[in-house]
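Heads up, the thing below is written out as structure tokens.
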Amino acid sequence: MIKPFLTLTLLVAAAMGSIHLLNGKPASSPPVKPNIIIILSDDLGYGDISSFGGKVLPTPNIDRLAESGMKITRYYSAAPICSPSRAGILTGMYPGRWNFATYLDNKKHNREAEQTDFLDTAAPTMARMFKNAGYATGHFGKWHMGGGRDVKDAPGFEQYGFDAHASTYESPDPDPLLTATDWIWSDKDSIKRWNRTQYFVDKTLAFMQQHKGQPCFINLWPDDVHTPWVPQPDDEAPSGPQSEVAFKNVLKEYDVQIGRLAEGLKRIGEDKNTIIIFTSDNGPLPSFRGSRAADLRGTKLSLYEGGIRMPFIVSWPGHIPAGRSDETSEVHATDLLPSLLHIAGIKVPADYKGDGKDRSGVFLGKPSERGKDMYWEYGRNDIAYKYPGAKDKSPSLAMRSGKWKLLMNADGSDVQLYNMDKDRNETTNVAASEVAVAAGLKSKLTVWWRGLPRLK
């Protein structure tokens, strides 16, 4: 005899089963959350990629990534140099809010630069937000937001929300296979300089295979194509690790490894459900007659376009229109955090106060104006900052508001105004003829600059 309670349970189960099989079709299950891989190249210029008009050499695998997804040609990094640029992506906030102003070095340099020694663990991070939403999180590649040299107290990767990591010398926990000596590169390293990107790609694929069935958020941040350029021995250029020939050989191999990542995702069955972002932390140096910046003015260390305007590709087969190029939508590095969370169906924490804007619509193929000003700083003093020479040296502050870009020094001197719709190469300063525009933007930029915290 079946007890009444059990009878009721069976009837409820049968009813639920009939709902799931309503009209002969199973009820829709919750959508599978996409994997996310952010490929942050190191010192890769706008003109290094052939699909962005670069003529350095063909980059067929990166171009194929663009063909399967979308190029955004008005993407801006958070800074013209590595450490603050990386902090901007990870936190979705202007790096100055966490006292990042230039690359992190030893404690003396950092004090002279008026900046921190490492990213405060109180800072919000994209990794922590994805981890809290059930993602497996990994960081494979360069970090440079704390650790190395005489900074021995930098927090570990897990304190920023990462489950796994493999990183270089400029991190709190360098991978011993990459750091046989106490420096960024050595010929004694087990993983040679020319094999580093391959190593990080392999780590990425292995991590995803290990977490099969769980969505993954991964920073794939190689230190290619940063100098020194050390190609495979058969390709070694007699002129050494700063030569144009050596650079081309390294870029060629870097492109091969992006192809290996794409093939690896197919092999493990994750290519269709993985969002790939491909971009760079800042502009190139050296730029070889401006060729690596596609003739944009400036280089790394400069707030002109060549220092902060980066190639940007977003790919997600079946979701992002293939082969499209968005030539109008402005996207800032701080936009990645809210945009990717929205696409993954994750709510931004209620207490999060980021500087980015949700551009998920743009990522999914719907161009739009950003409608929010963008700000940059580089060069708080003349002690701890390197500057490019001649016309590539910019003032220390910049902002972009619609078609206008204004640059000036923190003391209000050297005001420069450019109409970016007409003059993307920043050749004609129109501050004298657009007095009202220049004055309004100067006021905004001054308020922003004065609102940034200062180390005590």
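Identifiers in this document derive from the order of the structure tokens: chains are assigned A, B, ..., residues are numbered from 1 separately in each chain, and ligands are numbered from 1 in order of occurrence.
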
- Item | DSSP alpha helix (DSSP H) residues within region 254-426 of chain A, listed as a ChimeraX atom specification | /A:254-267,305-308,336-343,360-363

- Message: Neighbouring residues of Thr168 (chain A) were defined as those with any atom within 8 Å, considering only C-alpha atoms; residues of the same chain fewer than 4 positions away were excluded. Please report them as a ChimeraX atom specification.
- Response: /A:141-143,173-175,178-179,184

- Item | Residue neighbourhood Pro222 (chain A), 12 Å, only C-alpha atoms, exclusion window fewer than 5 positions, as a PyMOL selection string | chain A and resi 38-44+139-144+166-168+193-204+254-255+257-258+278-281

Residues as selected, C-alpha atoms, written as a PDB file, in the first residue's frame, can you do that?
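As written to disk, result_38.pdb reads:
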```
ATOM      1  CA  ILE A  38      41.066  38.278 -21.860  1.00  0.00           C
ATOM      2  CA  ILE A  39      44.249  38.257 -23.935  1.00  0.00           C
ATOM      3  CA  LEU A  40      46.249  41.297 -22.874  1.00  0.00           C
ATOM      4  CA  SER A  41      49.269  41.669 -25.117  1.00  0.00           C
ATOM      5  CA  ASP A  42      52.288  43.578 -23.824  1.00  0.00           C
ATOM      6  CA  ASP A  43      53.355  46.741 -25.696  1.00  0.00           C
ATOM      7  CA  LEU A  44      51.504  45.659 -28.853  1.00  0.00           C
ATOM      8  CA  HIS A 139      45.754  34.270 -14.323  1.00  0.00           C
ATOM      9  CA  PHE A 140      48.445  33.109 -16.733  1.00  0.00           C
ATOM     10  CA  GLY A 141      51.082  35.617 -17.730  1.00  0.00           C
ATOM     11  CA  LYS A 142      52.458  38.946 -16.647  1.00  0.00           C
ATOM     12  CA  TRP A 143      51.014  40.601 -13.531  1.00  0.00           C
ATOM     13  CA  HIS A 144      53.059  43.735 -12.680  1.00  0.00           C
ATOM     14  CA  ALA A 166      51.462  31.126 -13.422  1.00  0.00           C
ATOM     15  CA  SER A 167      53.317  34.403 -13.674  1.00  0.00           C
ATOM     16  CA  THR A 168      56.615  36.122 -14.294  1.00  0.00           C
ATOM     17  CA  ARG A 193      61.782  33.586 -23.578  1.00  0.00           C
ATOM     18  CA  TRP A 194      60.575  32.552 -27.046  1.00  0.00           C
ATOM     19  CA  ASN A 195      58.364  29.805 -25.535  1.00  0.00           C
ATOM     20  CA  ARG A 196      56.642  31.865 -22.869  1.00  0.00           C
ATOM     21  CA  THR A 197      53.442  32.624 -24.759  1.00  0.00           C
ATOM     22  CA  GLN A 198      53.164  28.965 -25.702  1.00  0.00           C
ATOM     23  CA  TYR A 199      53.528  28.086 -22.021  1.00  0.00           C
ATOM     24  CA  PHE A 200      50.758  30.485 -20.991  1.00  0.00           C
ATOM     25  CA  VAL A 201      48.467  29.235 -23.772  1.00  0.00           C
ATOM     26  CA  ASP A 202      49.041  25.650 -22.612  1.00  0.00           C
ATOM     27  CA  LYS A 203      48.277  26.668 -19.024  1.00  0.00           C
ATOM     28  CA  THR A 204      45.044  28.299 -20.168  1.00  0.00           C
ATOM     29  CA  TYR A 254      53.091  35.386 -31.016  1.00  0.00           C
ATOM     30  CA  ASP A 255      50.583  35.164 -33.847  1.00  0.00           C
ATOM     31  CA  GLN A 257      50.387  30.982 -30.440  1.00  0.00           C
ATOM     32  CA  ILE A 258      47.091  32.850 -30.778  1.00  0.00           C
ATOM     33  CA  PHE A 278      42.210  40.441 -27.661  1.00  0.00           C
ATOM     34  CA  THR A 279      43.913  43.758 -26.975  1.00  0.00           C
ATOM     35  CA  SER A 280      47.066  45.398 -25.569  1.00  0.00           C
ATOM     36  CA  ASP A 281      48.032  47.185 -22.367  1.00  0.00           C
TER      37      ASP A 281
END
```

- Query: Closest to Ile268 (chain A) among A:Met145, A:Met208, A:Ile218, A:Met399, using only C-alpha atoms?
  - Reply: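 Ranking A:Met145, A:Met208, A:Ile218, A:Met399 by distance to Ile268 (chain A), first place goes to A:Met208.
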
- Which one is closest to Leu337 (chain A): A:Asn273, A:Ser51, A:Thr125, A:Thr59? Count only C-alpha atoms. A:Thr125

- Nearest to Ser368 (chain A): which of A:Pro80, A:Gly402, A:Gly451, A:Gly259 is it, counting only C-alpha atoms? A:Gly402

- Task: Please identify which residues in region 114-240 of chain A DSSP calls strand (DSSP E or B) from the backbone, and express them as a list in words.
- Result: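 Filtering region 114-240 of chain A to strand (DSSP E or B) leaves Phe118, Ala136, Thr137, Gly138, His139, Phe140, Gly141, Gly146, Gly148, Val151, Ala164, His165, Ala166, Ser167, Pro174, Cys216, Phe217, Ile218, Asn219, Leu220 and Trp221 of chain A.
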
- Task: For Pro311 (chain A), list every protein, DNA or RNA residue within 12 Å, evaluated using only C-alpha atoms, and leave out those in the same chain fewer than 4 positions away; present the list as a VMD selection string.
- Result: chain A and resid 39 to 54 62 to 63 66 70 to 77 277 to 284 292 to 294 305 to 307 325 to 327 331 to 333

- At what distance in Å, to one decimal, does CA of Ser287 (chain A) lie from CA of Tyr375 (chain A)?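 Separation of CA of Tyr375 (chain A) and CA of Ser287 (chain A): 24.0 Å.
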
- Message: Need to verify the contact set: Gly156 (chain A), 10 Å, only C-alpha atoms, exclusion of same-chain residues closer than 6 positions in sequence. Can you return it as a VMD selection string?
- Response: chain A and resid 121 146 to 147 162 165 171 to 173
